[in-house]
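Okay, coords-v5.csv now, which holds CSV, C-alpha atoms:
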chain,number,residue,atom,x,y,z
A,1033,MET,CA,110.8,85.5,100.5
A,1034,ARG,CA,108.0,88.0,100.2
A,1035,GLY,CA,105.5,85.5,98.9
A,1036,VAL,CA,105.7,83.3,102.1
A,1037,ARG,CA,105.6,86.4,104.2
A,1038,GLY,CA,102.8,88.0,102.3
A,1039,VAL,CA,100.5,85.0,102.7
A,1040,ARG,CA,100.8,85.2,106.5
A,1041,VAL,CA,100.2,89.0,106.5
A,1042,GLY,CA,97.1,88.6,104.4
A,1043,ALA,CA,95.8,85.7,106.6
A,1044,LEU,CA,96.4,87.7,109.7
A,1045,LEU,CA,94.5,90.7,108.4
A,1046,VAL,CA,91.5,88.4,107.7
A,1047,ALA,CA,91.7,86.9,111.2
A,1048,LEU,CA,91.8,90.3,112.8
A,1049,GLY,CA,89.0,91.5,110.7
A,1050,LEU,CA,86.9,88.6,112.0
A,1051,VAL,CA,87.8,89.5,115.6
A,1052,VAL,CA,86.8,93.1,115.1
A,1053,ALA,CA,83.5,92.1,113.5
A,1054,ALA,CA,82.7,89.9,116.5
A,1055,CYS,CA,83.5,92.5,119.2
A,1056,GLY,CA,81.4,95.3,120.5
A,1057,GLY,CA,78.7,97.4,118.9
A,1058,GLY,CA,75.7,95.1,119.2
A,1059,ASP,CA,74.5,91.7,118.2
A,1060,ASP,CA,73.6,90.3,114.8
A,1061,GLU,CA,70.6,88.6,116.2
A,1062,GLY,CA,69.4,91.6,118.2
A,1063,GLY,CA,68.4,95.1,117.6
A,1064,ASP,CA,65.8,97.6,118.6
A,1065,ALA,CA,62.6,95.8,119.6
A,1066,SER,CA,60.5,98.5,117.9
A,1067,THR,CA,62.0,97.7,114.5
A,1068,GLY,CA,61.7,94.0,114.8
A,1069,GLY,CA,65.5,93.5,114.8
A,1070,SER,CA,68.3,95.1,112.7
A,1071,THR,CA,71.8,94.4,111.4
A,1072,ALA,CA,74.6,95.1,113.8
A,1073,GLU,CA,76.6,98.2,113.1
A,1074,ALA,CA,79.5,97.8,110.7
A,1075,LYS,CA,82.9,97.6,112.4
A,1076,LYS,CA,85.3,100.1,111.0
A,1077,VAL,CA,88.8,99.1,110.0
A,1078,GLY,CA,91.3,101.5,108.5
A,1079,VAL,CA,94.4,100.5,106.5
A,1080,VAL,CA,97.3,102.9,105.8
A,1081,TYR,CA,99.5,101.3,103.2
A,1082,ASP,CA,103.1,102.2,102.7
A,1083,ILE,CA,104.2,104.5,99.9
A,1084,GLY,CA,102.7,103.5,96.6
A,1085,GLY,CA,99.7,101.6,97.9
A,1086,ARG,CA,98.3,98.6,96.1
A,1087,GLY,CA,100.2,97.3,93.1
A,1088,ASP,CA,103.6,96.9,94.8
A,1089,GLN,CA,103.5,93.0,94.5
A,1090,SER,CA,104.7,93.0,98.1
A,1091,PHE,CA,103.5,94.1,101.6
A,1092,ASN,CA,100.8,96.4,100.4
A,1093,ASP,CA,99.3,93.9,98.0
A,1094,SER,CA,99.4,91.2,100.7
A,1095,ALA,CA,97.5,93.5,103.1
A,1096,GLY,CA,95.1,94.4,100.4
A,1097,ALA,CA,94.4,90.7,99.7
A,1098,GLY,CA,93.6,90.1,103.3
A,1099,ILE,CA,91.3,93.1,103.4
A,1100,ASP,CA,89.5,91.8,100.3
A,1101,ALA,CA,89.0,88.4,101.8
A,1102,ALA,CA,87.7,89.9,105.1
A,1103,LYS,CA,85.2,92.1,103.2
A,1104,LYS,CA,84.1,89.1,101.1
A,1105,GLU,CA,83.6,87.0,104.3
A,1106,LEU,CA,81.9,89.7,106.4
A,1107,GLY,CA,80.1,91.8,103.9
A,1108,GLU,CA,78.2,94.7,105.4
A,1109,LYS,CA,79.5,93.8,108.9
A,1110,LEU,CA,82.8,95.3,108.0
A,1111,GLU,CA,83.5,98.9,106.8
A,1112,VAL,CA,87.1,99.4,105.5
A,1113,LYS,CA,88.9,102.6,104.5
A,1114,GLU,CA,92.2,102.2,102.6
A,1115,ILE,CA,94.6,105.1,102.2
A,1116,GLU,CA,98.3,105.7,101.4
A,1117,PRO,CA,100.9,108.3,102.3
A,1118,ASN,CA,102.3,111.0,100.1
A,1119,ALA,CA,105.4,110.4,98.0
A,1120,ASP,CA,107.8,110.9,100.8
A,1121,GLY,CA,105.7,109.3,103.5
A,1122,SER,CA,105.8,112.4,105.7
A,1123,ASN,CA,102.1,112.3,106.4
A,1124,ARG,CA,101.9,108.8,107.9
A,1125,LYS,CA,100.9,110.0,111.3
A,1126,GLU,CA,98.4,112.5,110.0
A,1127,LEU,CA,96.6,109.7,108.2
A,1128,LEU,CA,96.6,107.4,111.2
A,1129,ASP,CA,95.2,110.2,113.4
A,1130,GLY,CA,92.6,111.1,110.8
A,1131,LEU,CA,91.3,107.5,110.8
A,1132,ALA,CA,91.1,107.5,114.6
A,1133,ASP,CA,89.2,110.8,114.5
A,1134,GLU,CA,86.8,109.3,112.1
A,1135,GLY,CA,86.0,106.5,114.5
A,1136,TYR,CA,87.8,103.6,113.0
A,1137,GLY,CA,88.3,101.1,115.8
A,1138,LEU,CA,91.1,99.1,114.3
A,1139,ILE,CA,93.8,100.8,112.3
A,1140,PHE,CA,96.7,99.1,110.5
A,1141,GLY,CA,100.0,100.6,109.4
A,1142,ILE,CA,101.6,98.4,106.7
A,1143,GLY,CA,105.4,98.3,107.2
A,1144,PHE,CA,108.1,99.0,109.8
A,1145,LEU,CA,108.4,102.7,108.8
A,1146,PHE,CA,105.1,103.3,110.6
A,1147,SER,CA,106.5,102.1,114.0
A,1148,GLU,CA,107.3,105.5,115.6
A,1149,ASP,CA,104.3,107.3,114.3
A,1150,ILE,CA,101.8,104.6,115.1
A,1151,ALA,CA,103.2,104.3,118.7
A,1152,LYS,CA,102.5,108.1,119.1
A,1153,SER,CA,99.0,107.8,117.6
A,1154,ALA,CA,98.2,104.8,119.9
A,1155,THR,CA,99.2,106.9,123.0
A,1156,GLU,CA,97.2,109.9,121.8
A,1157,SER,CA,94.1,107.8,120.9
A,1158,PRO,CA,93.8,105.2,123.7
A,1159,ASP,CA,90.3,104.1,122.7
A,1160,THR,CA,91.5,103.0,119.3
A,1161,THR,CA,93.3,99.7,118.6
A,1162,PHE,CA,96.4,100.0,116.3
A,1163,ALA,CA,98.4,97.3,114.6
A,1164,VAL,CA,101.6,97.6,112.6
A,1165,ILE,CA,103.3,95.1,110.4
A,1166,ASP,CA,107.0,94.6,111.4
A,1167,GLY,CA,106.6,97.2,114.1
A,1168,PHE,CA,109.5,97.7,116.6
A,1169,ALA,CA,108.1,100.3,119.0
A,1170,ASP,CA,109.0,99.8,122.7
A,1171,SER,CA,105.3,100.1,123.6
A,1172,CYS,CA,104.5,97.0,121.7
A,1173,THR,CA,105.8,95.0,124.6
A,1174,LYS,CA,103.3,96.4,127.1
A,1175,PRO,CA,100.3,94.1,127.6
A,1176,ASP,CA,97.9,96.9,128.3
A,1177,GLN,CA,98.9,99.0,125.3
A,1178,ASN,CA,96.4,99.4,122.4
A,1179,LEU,CA,99.2,98.7,119.9
A,1180,LEU,CA,100.0,95.4,118.3
A,1181,CYS,CA,103.3,94.9,116.6
A,1182,ILE,CA,103.1,92.0,114.2
A,1183,GLY,CA,106.3,90.3,113.4
A,1184,PHE,CA,107.5,87.1,111.7
A,1185,LYS,CA,110.5,84.8,111.5
A,1186,GLU,CA,111.6,86.2,108.2
A,1187,GLU,CA,114.8,84.2,108.0
A,1188,GLU,CA,112.8,80.9,108.0
A,1189,GLY,CA,111.1,81.6,104.7
A,1190,SER,CA,114.1,83.0,103.1
A,1191,PHE,CA,116.2,80.0,104.2
A,1192,LEU,CA,113.9,77.9,102.0
A,1193,VAL,CA,114.3,80.3,99.0
A,1194,GLY,CA,118.1,80.2,99.4
A,1195,ALA,CA,118.1,76.4,99.5
A,1196,ALA,CA,115.9,76.3,96.4
A,1197,ALA,CA,118.3,78.7,94.6
A,1198,ALA,CA,121.3,76.6,95.5
A,1199,LEU,CA,119.5,73.5,94.2
A,1200,LYS,CA,118.6,75.1,90.9
A,1201,THR,CA,121.8,77.0,90.1
A,1202,LYS,CA,123.9,75.7,87.2
A,1203,SER,CA,126.6,78.4,87.5
A,1204,ASN,CA,127.1,78.0,91.3
A,1205,THR,CA,126.4,81.7,91.6
A,1206,VAL,CA,123.1,83.0,93.1
A,1207,GLY,CA,121.9,86.5,94.1
A,1208,PHE,CA,120.0,88.2,96.8
A,1209,VAL,CA,118.5,91.7,96.2
A,1210,GLY,CA,117.0,93.4,99.3
A,1211,GLY,CA,114.8,96.4,99.4
A,1212,LEU,CA,115.8,99.0,102.0
A,1213,GLU,CA,119.0,98.0,103.7
A,1214,GLY,CA,118.4,97.6,107.4
A,1215,ASP,CA,118.2,95.1,110.3
A,1216,LEU,CA,114.8,93.7,109.1
A,1217,ILE,CA,115.9,92.9,105.5
A,1218,LYS,CA,119.2,91.7,106.7
A,1219,LYS,CA,117.3,88.9,108.5
A,1220,PHE,CA,116.0,87.9,105.1
A,1221,GLN,CA,119.5,88.0,103.7
A,1222,ALA,CA,120.9,85.9,106.6
A,1223,GLY,CA,118.2,83.2,106.1
A,1224,TYR,CA,118.8,83.1,102.4
A,1225,GLU,CA,122.6,82.8,102.8
A,1226,ALA,CA,122.1,80.1,105.4
A,1227,GLY,CA,119.9,78.1,103.0
A,1228,VAL,CA,122.5,78.4,100.3
A,1229,ASP,CA,125.2,77.3,102.8
A,1230,TYR,CA,123.1,74.3,103.8
A,1231,ILE,CA,122.8,73.0,100.3
A,1232,ALA,CA,126.4,73.8,99.4
A,1233,LYS,CA,127.6,71.6,102.3
A,1234,GLN,CA,125.1,68.8,101.5
A,1235,ASP,CA,126.4,68.7,97.9
A,1236,ASN,CA,130.0,69.4,98.8
A,1237,LYS,CA,130.3,72.3,96.4
A,1238,SER,CA,131.1,76.1,96.5
A,1239,ILE,CA,128.2,78.5,95.7
A,1240,LYS,CA,128.8,82.2,95.5
A,1241,VAL,CA,126.0,84.6,96.7
A,1242,LEU,CA,125.9,88.1,95.3
A,1243,VAL,CA,124.2,90.6,97.5
A,1244,ASP,CA,122.9,94.1,96.8
A,1245,TYR,CA,120.1,96.4,97.9
A,1246,ALA,CA,117.7,98.5,95.9
A,1247,GLY,CA,117.1,101.0,98.7
A,1248,ASN,CA,118.6,104.5,98.8
A,1249,THR,CA,119.8,104.4,102.4
A,1250,PRO,CA,123.5,105.2,102.9
A,1251,ARG,CA,125.8,102.3,102.9
A,1252,PRO,CA,129.6,102.1,102.9
A,1253,SER,CA,130.0,99.6,100.1
A,1254,ALA,CA,131.1,100.5,96.6
A,1255,THR,CA,128.9,100.3,93.6
A,1256,ARG,CA,129.4,96.6,92.9
A,1257,PRO,CA,127.4,93.9,94.6
A,1258,ARG,CA,129.1,92.1,97.5
A,1259,ALA,CA,130.0,88.5,97.1
A,1260,ARG,CA,130.3,85.6,99.5
A,1261,SER,CA,131.0,81.9,98.9
A,1262,TRP,CA,130.0,78.7,100.7
A,1263,PRO,CA,131.5,76.5,101.9

Now that the file is in, can you turn its structure into structure tokens?
Amino acid sequence: MRGVRGVRVGALLVALGLVVAACGGGDDEGGDASTGGSTAEAKKVGVVYDIGGRGDQSFNDSAGAGIDAAKKELGEKLEVKEIEPNADGSNRKELLDGLADEGYGLIFGIGFLFSEDIAKSATESPDTTFAVIDGFADSCTKPDQNLLCIGFKEEEGSFLVGAAAALKTKSNTVGFVGGLEGDLIKKFQAGYEAGVDYIAKQDNKSIKVLVDYAGNTPRPSATRPRARSWP
């Protein structure tokens, strides 16, 4: 699931990096006539990872891969600053605002937990462009807002993973382990279960799906994973 999603996140960051490098701040061919021409000013992009930063083998690493590719492509035309929140994530907005104050023209928040904070930062810093992965702020729907909420059809990728698991299982039991339980990851779960269901019906067999979440959000279930069977 995350692999498919991660590739798209990384690719999008590269694309946005290219857009930033092409906009504003001068011309690569131009410069001060008295100096005989100079390199355009570097475009400043800030990235605030979610808790843990690089090395999570998930969203943060995907964003990092996109930034690495953008820096390789653009070289000195792109200046990037990468930071991460403290252990409880309580300083997300402080970090976003700090990058804006330092003149970073495009600032990314990696993950839906940035949604509320980045919406406030975008309102308070109208001359800065913000983008959030999986953002759900109401202001994302306003065309004149300086905030881009980047979303994906998560269930489509996880459908394929569920189908693959159903094709490979020898025990007719497969599992889904989500991160933080919530609407977003439940879309992954729904897609995964639909993929299992599709293969089960095609092969005329019953496949059980065990579901559990690694996150520490409150949930009403007991300690054992929940199970569902198809068909």

As a CSV table (one decimal) with C-alpha atoms, in the coordinates of the input, please: the residues near stretch 1144-1158 of chain A (cut-off 9 Å, only C-alpha atoms, same-chain neighbours under 6 positions excluded).
chain,number,residue,atom,x,y,z
A,1082,ASP,CA,103.1,102.2,102.7
A,1121,GLY,CA,105.7,109.3,103.5
A,1124,ARG,CA,101.9,108.8,107.9
A,1125,LYS,CA,100.9,110.0,111.3
A,1126,GLU,CA,98.4,112.5,110.0
A,1128,LEU,CA,96.6,107.4,111.2
A,1129,ASP,CA,95.2,110.2,113.4
A,1132,ALA,CA,91.1,107.5,114.6
A,1133,ASP,CA,89.2,110.8,114.5
A,1164,VAL,CA,101.6,97.6,112.6
A,1165,ILE,CA,103.3,95.1,110.4
A,1166,ASP,CA,107.0,94.6,111.4
A,1167,GLY,CA,106.6,97.2,114.1
A,1168,PHE,CA,109.5,97.7,116.6
A,1169,ALA,CA,108.1,100.3,119.0
A,1170,ASP,CA,109.0,99.8,122.7
A,1171,SER,CA,105.3,100.1,123.6
A,1172,CYS,CA,104.5,97.0,121.7
A,1177,GLN,CA,98.9,99.0,125.3
A,1178,ASN,CA,96.4,99.4,122.4
A,1179,LEU,CA,99.2,98.7,119.9
A,1181,CYS,CA,103.3,94.9,116.6
A,1216,LEU,CA,114.8,93.7,109.1

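Here atom CA of A:Ala1097 is placed at a distance of 19.7 Å from atom CA of A:Glu1186.
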
Could you give me, as a list of chain:residue names, the residues within 10 Å of A:Leu1199, counting all atoms listed in the file and dropping anything in the same chain fewer than 4 positions from it? A:Val1193, A:Gly1194, A:Ala1195, A:Asn1204, A:Gly1227, A:Val1228, A:Ile1231, A:Ala1232, A:Asp1235

Which residue is closest to A:Asn1118? Choose from A:Ala1196, A:Leu1180, A:Leu1212, A:Val1080 and count all atoms listed in the file. A:Val1080

A:Gln1221 environment, 7 Å, all atoms listed in the file, sequence neighbours closer than 4 positions dropped, as a VMD selection string: chain A and resid 1208 1217 1225

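Distances from A:Lys1240, A:Lys1233, A:Lys1185, A:Lys1174 to A:Lys1202 were compared using only C-alpha atoms, and the smallest one belongs to A:Lys1240.
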
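Computed from the coordinates, the atom CA of A:Thr1205 to atom CA of A:Leu1242 distance equals 7.4 Å.
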
What's the 10 Å shell around A:Gly1135, counting all atoms listed in the file, without same-chain residues fewer than 5 positions away, as a list in words?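 Non-adjacent residues within range: Lys1075, Lys1076, Val1077, Gly1078, Asp1129, Gly1130, Asp1159 and Thr1160 of chain A.
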
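Straight-line separation from atom CA of A:Lys1218 to atom CA of A:Leu1192: 15.5 Å.
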
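Counting all atoms listed in the file and comparing A:Glu1134, A:Glu1187, A:Asp1088, A:Asp1176, the residue that lies closest to A:Ala1222 is A:Glu1187.
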
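Of the listed residues (A:Asp1229, A:Gly1210, A:Glu1111, A:Asp1215), A:Gly1210 comes nearest to A:Val1243; the distances count all atoms listed in the file.
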
Using all atoms listed in the file for the distances, tell me which of A:Lys1104, A:Gly1143, A:Thr1161, A:Thr1173 is nearest to A:Leu1131.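 For A:Leu1131, the nearest of the candidates is A:Thr1161.
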